[in-house]
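Undergrad: Structure: protein-v4.cif, mmCIF, C-alpha atoms.
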data_upload
#
loop_
_atom_site.group_PDB
_atom_site.id
_atom_site.type_symbol
_atom_site.label_atom_id
_atom_site.label_comp_id
_atom_site.auth_asym_id
_atom_site.auth_seq_id
_atom_site.Cartn_x
_atom_site.Cartn_y
_atom_site.Cartn_z
ATOM 1 C CA MET Z 975 -32.694 -7.794 21.760
ATOM 2 C CA SER Z 976 -35.698 -9.688 20.517
ATOM 3 C CA PRO Z 977 -35.133 -13.153 19.004
ATOM 4 C CA ASN Z 978 -36.854 -12.001 15.812
ATOM 5 C CA LEU Z 979 -34.179 -9.349 15.313
ATOM 6 C CA PHE Z 980 -31.170 -11.390 16.479
ATOM 7 C CA LEU Z 981 -31.402 -14.177 13.872
ATOM 8 C CA PRO Z 982 -31.530 -11.915 10.792
ATOM 9 C CA LEU Z 983 -28.697 -9.785 12.160
ATOM 10 C CA PHE Z 984 -26.586 -12.883 12.838
ATOM 11 C CA LEU Z 985 -27.249 -14.293 9.351
ATOM 12 C CA SER Z 986 -26.403 -10.965 7.754
ATOM 13 C CA LEU Z 987 -23.103 -10.774 9.601
ATOM 14 C CA CYS Z 988 -22.301 -14.298 8.413
ATOM 15 C CA LEU Z 989 -23.001 -13.216 4.836
ATOM 16 C CA VAL Z 990 -20.690 -10.212 5.250
ATOM 17 C CA PHE Z 991 -17.809 -12.427 6.382
ATOM 18 C CA VAL Z 992 -18.378 -14.991 3.620
ATOM 19 C CA SER Z 993 -18.716 -12.292 0.969
ATOM 20 C CA THR Z 994 -15.563 -10.509 2.157
ATOM 21 C CA ALA Z 995 -13.587 -13.763 2.284
ATOM 22 C CA GLN Z 996 -14.599 -14.682 -1.267
ATOM 23 C CA ARG Z 997 -13.693 -11.260 -2.615
ATOM 24 C CA GLY Z 998 -10.360 -11.262 -0.758
ATOM 25 C CA THR Z 999 -8.594 -13.204 -3.496
ATOM 26 C CA VAL Z 1000 -6.521 -11.136 -5.859
ATOM 27 C CA VAL Z 1001 -5.661 -12.242 -9.371
ATOM 28 C CA THR Z 1002 -2.413 -10.875 -10.766
ATOM 29 C CA GLU Z 1003 -0.922 -11.333 -14.217
ATOM 30 C CA LEU Z 1004 2.860 -11.467 -14.329
ATOM 31 C CA TRP Z 1005 5.426 -11.493 -17.099
ATOM 32 C CA CYS Z 1006 9.144 -12.269 -16.919
ATOM 33 C CA VAL Z 1007 11.061 -9.629 -18.873
ATOM 34 C CA ALA Z 1008 14.634 -8.498 -19.456
ATOM 35 C CA LYS Z 1009 15.792 -5.780 -17.074
ATOM 36 C CA ASN Z 1010 16.203 -2.329 -18.603
ATOM 37 C CA ASN Z 1011 19.720 -1.969 -17.220
ATOM 38 C CA ALA Z 1012 20.979 -5.375 -18.431
ATOM 39 C CA GLU Z 1013 23.937 -5.370 -20.809
ATOM 40 C CA ASP Z 1014 23.165 -6.423 -24.387
ATOM 41 C CA ALA Z 1015 25.893 -9.097 -24.310
ATOM 42 C CA ALA Z 1016 24.445 -10.612 -21.111
ATOM 43 C CA LEU Z 1017 20.951 -10.597 -22.614
ATOM 44 C CA GLN Z 1018 22.218 -12.261 -25.795
ATOM 45 C CA GLY Z 1019 23.933 -14.999 -23.777
ATOM 46 C CA ALA Z 1020 20.811 -15.599 -21.661
ATOM 47 C CA LEU Z 1021 18.630 -15.519 -24.793
ATOM 48 C CA ASP Z 1022 20.840 -18.101 -26.511
ATOM 49 C CA TRP Z 1023 20.633 -20.359 -23.442
ATOM 50 C CA ALA Z 1024 16.844 -19.959 -23.053
ATOM 51 C CA CYS Z 1025 16.189 -20.793 -26.725
ATOM 52 C CA GLY Z 1026 18.706 -23.647 -26.737
ATOM 53 C CA GLN Z 1027 19.424 -25.634 -23.601
ATOM 54 C CA GLY Z 1028 16.588 -23.963 -21.683
ATOM 55 C CA GLY Z 1029 13.934 -25.270 -24.082
ATOM 56 C CA ALA Z 1030 11.947 -22.044 -24.492
ATOM 57 C CA ASP Z 1031 9.712 -21.826 -27.573
ATOM 58 C CA CYS Z 1032 11.472 -19.113 -29.527
ATOM 59 C CA GLY Z 1033 9.547 -19.550 -32.785
ATOM 60 C CA PRO Z 1034 7.711 -16.203 -32.463
ATOM 61 C CA ILE Z 1035 11.026 -14.304 -32.182
ATOM 62 C CA GLN Z 1036 12.537 -16.008 -35.245
ATOM 63 C CA GLN Z 1037 12.448 -14.356 -38.657
ATOM 64 C CA GLY Z 1038 8.851 -14.277 -39.937
ATOM 65 C CA GLY Z 1039 7.406 -14.570 -36.408
ATOM 66 C CA PRO Z 1040 5.122 -11.901 -34.878
ATOM 67 C CA CYS Z 1041 7.779 -10.944 -32.296
ATOM 68 C CA TYR Z 1042 10.794 -10.900 -34.623
ATOM 69 C CA ASP Z 1043 12.820 -7.704 -34.163
ATOM 70 C CA PRO Z 1044 16.577 -8.118 -34.628
ATOM 71 C CA THR Z 1045 17.142 -4.492 -33.587
ATOM 72 C CA ASP Z 1046 15.652 -4.849 -30.082
ATOM 73 C CA ILE Z 1047 17.466 -7.369 -27.876
ATOM 74 C CA GLN Z 1048 15.370 -6.232 -24.879
ATOM 75 C CA ASN Z 1049 12.040 -7.313 -26.392
ATOM 76 C CA THR Z 1050 13.499 -10.429 -28.004
ATOM 77 C CA ALA Z 1051 15.075 -11.624 -24.751
ATOM 78 C CA SER Z 1052 11.917 -10.723 -22.829
ATOM 79 C CA TYR Z 1053 9.810 -12.997 -25.023
ATOM 80 C CA ALA Z 1054 12.184 -15.938 -24.542
ATOM 81 C CA PHE Z 1055 12.552 -15.299 -20.794
ATOM 82 C CA ASN Z 1056 8.774 -15.153 -20.354
ATOM 83 C CA ASN Z 1057 8.253 -18.380 -22.288
ATOM 84 C CA TYR Z 1058 10.892 -20.161 -20.201
ATOM 85 C CA TYR Z 1059 9.338 -18.788 -16.998
ATOM 86 C CA LEU Z 1060 5.864 -20.074 -17.911
ATOM 87 C CA LYS Z 1061 7.195 -23.523 -18.858
ATOM 88 C CA ASN Z 1062 9.333 -23.932 -15.748
ATOM 89 C CA GLY Z 1063 7.050 -23.443 -12.792
ATOM 90 C CA MET Z 1064 6.706 -19.663 -12.621
ATOM 91 C CA THR Z 1065 9.197 -19.414 -9.748
ATOM 92 C CA ASP Z 1066 11.617 -16.617 -8.966
ATOM 93 C CA ASP Z 1067 14.467 -18.864 -10.096
ATOM 94 C CA ALA Z 1068 12.774 -19.378 -13.482
ATOM 95 C CA CYS Z 1069 12.922 -15.606 -14.020
ATOM 96 C CA SER Z 1070 16.485 -14.814 -13.039
ATOM 97 C CA PHE Z 1071 18.773 -15.358 -16.039
ATOM 98 C CA SER Z 1072 21.813 -14.372 -13.973
ATOM 99 C CA ASN Z 1073 19.920 -11.376 -12.581
ATOM 100 C CA ASN Z 1074 19.145 -10.038 -16.067
ATOM 101 C CA ALA Z 1075 15.373 -10.556 -15.814
ATOM 102 C CA ALA Z 1076 12.580 -9.560 -13.451
ATOM 103 C CA LEU Z 1077 8.850 -10.058 -12.993
ATOM 104 C CA THR Z 1078 6.478 -7.279 -13.952
ATOM 105 C CA SER Z 1079 2.733 -6.731 -13.894
ATOM 106 C CA LEU Z 1080 2.976 -4.409 -16.919
ATOM 107 C CA ASN Z 1081 2.053 -6.243 -20.103
ATOM 108 C CA PRO Z 1082 5.105 -6.180 -22.418
ATOM 109 C CA SER Z 1083 3.074 -7.098 -25.525
ATOM 110 C CA TYR Z 1084 3.466 -4.781 -28.501
ATOM 111 C CA GLY Z 1085 1.969 -4.667 -31.983
ATOM 112 C CA ASN Z 1086 1.195 -8.217 -33.105
ATOM 113 C CA CYS Z 1087 3.560 -9.668 -30.502
ATOM 114 C CA LYS Z 1088 1.429 -10.975 -27.647
ATOM 115 C CA PHE Z 1089 3.188 -12.221 -24.518
ATOM 116 C CA PRO Z 1090 1.300 -14.947 -22.656
ATOM 117 C CA SER Z 1091 0.977 -14.173 -18.961
ATOM 118 C CA SER Z 1092 0.968 -16.085 -15.755
ATOM 119 C CA LYS Z 1093 -2.039 -15.747 -13.527
ATOM 120 C CA THR Z 1094 -1.498 -16.038 -9.815
ATOM 121 C CA VAL Z 1095 -4.212 -15.984 -7.172
ATOM 122 C CA SER Z 1096 -3.283 -14.869 -3.684
ATOM 123 C CA ASN Z 1097 -4.807 -16.647 -0.658
ATOM 124 C CA ALA Z 1098 -4.959 -19.870 -2.701
ATOM 125 C CA SER Z 1099 -2.621 -22.292 -4.370
ATOM 126 C CA ILE Z 1100 -3.902 -21.730 -7.895
ATOM 127 C CA SER Z 1101 -1.657 -20.531 -10.671
ATOM 128 C CA GLU Z 1102 -1.922 -20.948 -14.415
ATOM 129 C CA ALA Z 1103 -0.516 -19.654 -17.639
ATOM 130 C CA SER Z 1104 -2.923 -17.888 -19.938
ATOM 131 C CA GLY Z 1105 -3.016 -15.775 -23.041
ATOM 132 C CA THR Z 1106 -3.063 -12.038 -22.679
ATOM 133 C CA LEU Z 1107 -6.388 -10.348 -22.187
ATOM 134 C CA GLY Z 1108 -7.508 -7.456 -24.324
ATOM 135 C CA VAL Z 1109 -6.019 -6.021 -27.477
ATOM 136 C CA GLY Z 1110 -3.477 -3.239 -27.250
ATOM 137 C CA THR Z 1111 -2.358 -1.246 -24.267
ATOM 138 C CA ASP Z 1112 -5.502 0.790 -23.761
ATOM 139 C CA SER Z 1113 -7.949 -2.080 -23.313
ATOM 140 C CA ALA Z 1114 -9.032 -3.608 -20.026
ATOM 141 C CA ASP Z 1115 -10.684 -6.876 -19.113
ATOM 142 C CA LEU Z 1116 -13.446 -6.033 -16.671
ATOM 143 C CA SER Z 1117 -14.996 -9.494 -16.520
ATOM 144 C CA GLY Z 1118 -13.415 -10.121 -13.121
ATOM 145 C CA SER Z 1119 -14.526 -6.830 -11.580
ATOM 146 C CA ASP Z 1120 -16.857 -6.781 -8.630
ATOM 147 C CA GLY Z 1121 -19.167 -4.172 -10.095
ATOM 148 C CA VAL Z 1122 -20.098 -0.900 -8.477
ATOM 149 C CA ALA Z 1123 -21.624 -2.015 -5.167
ATOM 150 C CA PRO Z 1124 -19.266 -2.752 -2.265
ATOM 151 C CA PRO Z 1125 -19.318 -6.354 -0.988
ATOM 152 C CA TRP Z 1126 -21.047 -5.448 2.274
ATOM 153 C CA LEU Z 1127 -24.039 -3.738 0.665
ATOM 154 C CA SER Z 1128 -26.197 -6.806 -0.048
ATOM 155 C CA PRO Z 1129 -25.915 -8.268 3.478
ATOM 156 C CA LEU Z 1130 -26.692 -4.839 4.935
ATOM 157 C CA ILE Z 1131 -29.869 -4.553 2.880
ATOM 158 C CA VAL Z 1132 -30.894 -8.055 3.947
ATOM 159 C CA ALA Z 1133 -30.209 -7.191 7.598
ATOM 160 C CA LEU Z 1134 -32.336 -4.051 7.379
ATOM 161 C CA PHE Z 1135 -35.353 -5.578 5.646
ATOM 162 C CA LEU Z 1136 -35.414 -9.156 6.931
ATOM 163 C CA PRO Z 1137 -36.998 -8.260 10.315
ATOM 164 C CA PHE Z 1138 -39.932 -6.651 8.502
ATOM 165 C CA VAL Z 1139 -40.356 -9.656 6.238
ATOM 166 C CA LEU Z 1140 -40.274 -12.081 9.192
ATOM 167 C CA GLU Z 1141 -43.022 -10.161 11.024
ATOM 168 C CA LEU Z 1142 -45.414 -10.507 8.045
#
Please go through the file and, once you have read it, give me the structure as structure tokens.
TA:
Amino acid sequence: MSPNLFLPLFLSLCLVFVSTAQRGTVVTELWCVAKNNAEDAALQGALDWACGQGGADCGPIQQGGPCYDPTDIQNTASYAFNNYYLKNGMTDDACSFSNNAALTSLNPSYGNCKFPSSKTVSNASISEASGTLGVGTDSADLSGSDGVAPPWLSPLIVALFLPFVLEL
């Protein structure tokens, strides 16, 4: 292999590995919600604890708040559980509530009631709480998408054309 061809090929392969490594991180939004099969009495007890001793901000689920719904203990408890989870380190233990809650990647927000989410990034030690993205259930935030081209396309193009450029 000629030296003029080896260097561009080597550099292109390096770009492929760097590009793939950077795109290997996955961002996931999580919410802590009441389990569907939890008993209403257990949810009420956990809700009372979360809003009291647990220190969750339960203002939005109080009368006049955007998440107030006295007829739906599932949604009410979910809001309090999620708030407690975000305030207390986003660990599995912070989303247990005596096994009456679980993590989900499905946004539980409804109507004017917006549940803040946690954002976790795999392959890194970054995690943060954030507001929900989009409005309603049919919207999507595409700002983090990689676009249409696969990550290996740019380095391949460089590898194919760089030898011609170097000979000029």
Undergrad: Separation of atom CA of Ala1068 of chain Z and atom CA of Val1007 of chain Z, in Å?
TA: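 Between these atoms lies a distance of 11.3 Å.
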Undergrad: Apply the PyMOL selection byres ((chain Z and resi 1011) around 10) to the structure shown and report the selected residues as a list in words.
TA: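 The output of the PyMOL selection byres ((chain Z and resi 1011) around 10) on this file is Ala1008, Lys1009, Asn1010, Ala1012, Glu1013, Asp1014, Gln1048, Asn1074 and Ala1075 of chain Z.
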Undergrad: Any chance you can output those residues with C-alpha atoms as a PDB file, keeping the file's coordinate frame?
TA:
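Listed below is the output, again_21.pdb:
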ATOM      1  CA  ALA Z1008      14.634  -8.498 -19.456  1.00  0.00           C
ATOM      2  CA  LYS Z1009      15.792  -5.780 -17.074  1.00  0.00           C
ATOM      3  CA  ASN Z1010      16.203  -2.329 -18.603  1.00  0.00           C
ATOM      4  CA  ALA Z1012      20.979  -5.375 -18.431  1.00  0.00           C
ATOM      5  CA  GLU Z1013      23.937  -5.370 -20.809  1.00  0.00           C
ATOM      6  CA  ASP Z1014      23.165  -6.423 -24.387  1.00  0.00           C
ATOM      7  CA  GLN Z1048      15.370  -6.232 -24.879  1.00  0.00           C
ATOM      8  CA  ASN Z1074      19.145 -10.038 -16.067  1.00  0.00           C
ATOM      9  CA  ALA Z1075      15.373 -10.556 -15.814  1.00  0.00           C
TER      10      ALA Z1075
END
Undergrad: Identify which of the residues Z:Leu1077, Z:Gly1028, Z:Ser1091, Z:Ile1035 lies closest to Ala1051 of chain Z, counting only C-alpha atoms when measuring atom-to-atom distances.
TA: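 The shortest atom-to-atom distance to Ala1051 of chain Z comes from Z:Ile1035.
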Undergrad: Please measure the separation of atom CA of Tyr1058 of chain Z and atom CA of Val1000 of chain Z, giving the value in Å to one decimal.
TA: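 Here the two named atoms are 24.3 Å from each other.
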Undergrad: Report the distance between atom CA of Ser1052 of chain Z and atom CA of Gly1029 of chain Z in Å, rounded to one decimal place.
TA: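 Interatomic distance here is 14.7 Å.
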Undergrad: I need every residue sitting at most 8 Å from the point (22.4, -11.8, -19.8) (coordinates as in the file, all atoms listed in the file considered), written as a count of residues only.
TA: 14
Undergrad: Mind checking which residues fall within 9 Å of Pro1082 of chain Z, counting all atoms listed in the file, ignoring those fewer than 5 positions away in the same chain, and posting them as a PyMOL selection string?
TA: chain Z and resi 1005+1007+1049+1052-1053+1087-1089
Undergrad: From the options Z:Ala1054, Z:Cys1025, Z:Ala1076, Z:Ile1047, which residue's atoms come nearest to Leu1004 of chain Z, counting all atoms listed in the file?
TA: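 Under the stated criterion, the closest residue is Z:Ala1076.
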Undergrad: From the list Z:Gln1036, Z:Thr1050, Z:Thr1002, Z:Ser1092, which residue is nearest Met1064 of chain Z when using all atoms listed in the file?
TA: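 Distance minimum relative to Met1064 of chain Z lands on Z:Ser1092.
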Undergrad: Name the residues, using the chain letters and numbers of the file, that sit within 6 Å of (11.8, -15.8, -18.1) when counting all atoms listed in the file, and give them as a list in words.
TA: Cys1006, Phe1055, Asn1056, Tyr1058, Tyr1059, Ala1068 and Cys1069 of chain Z
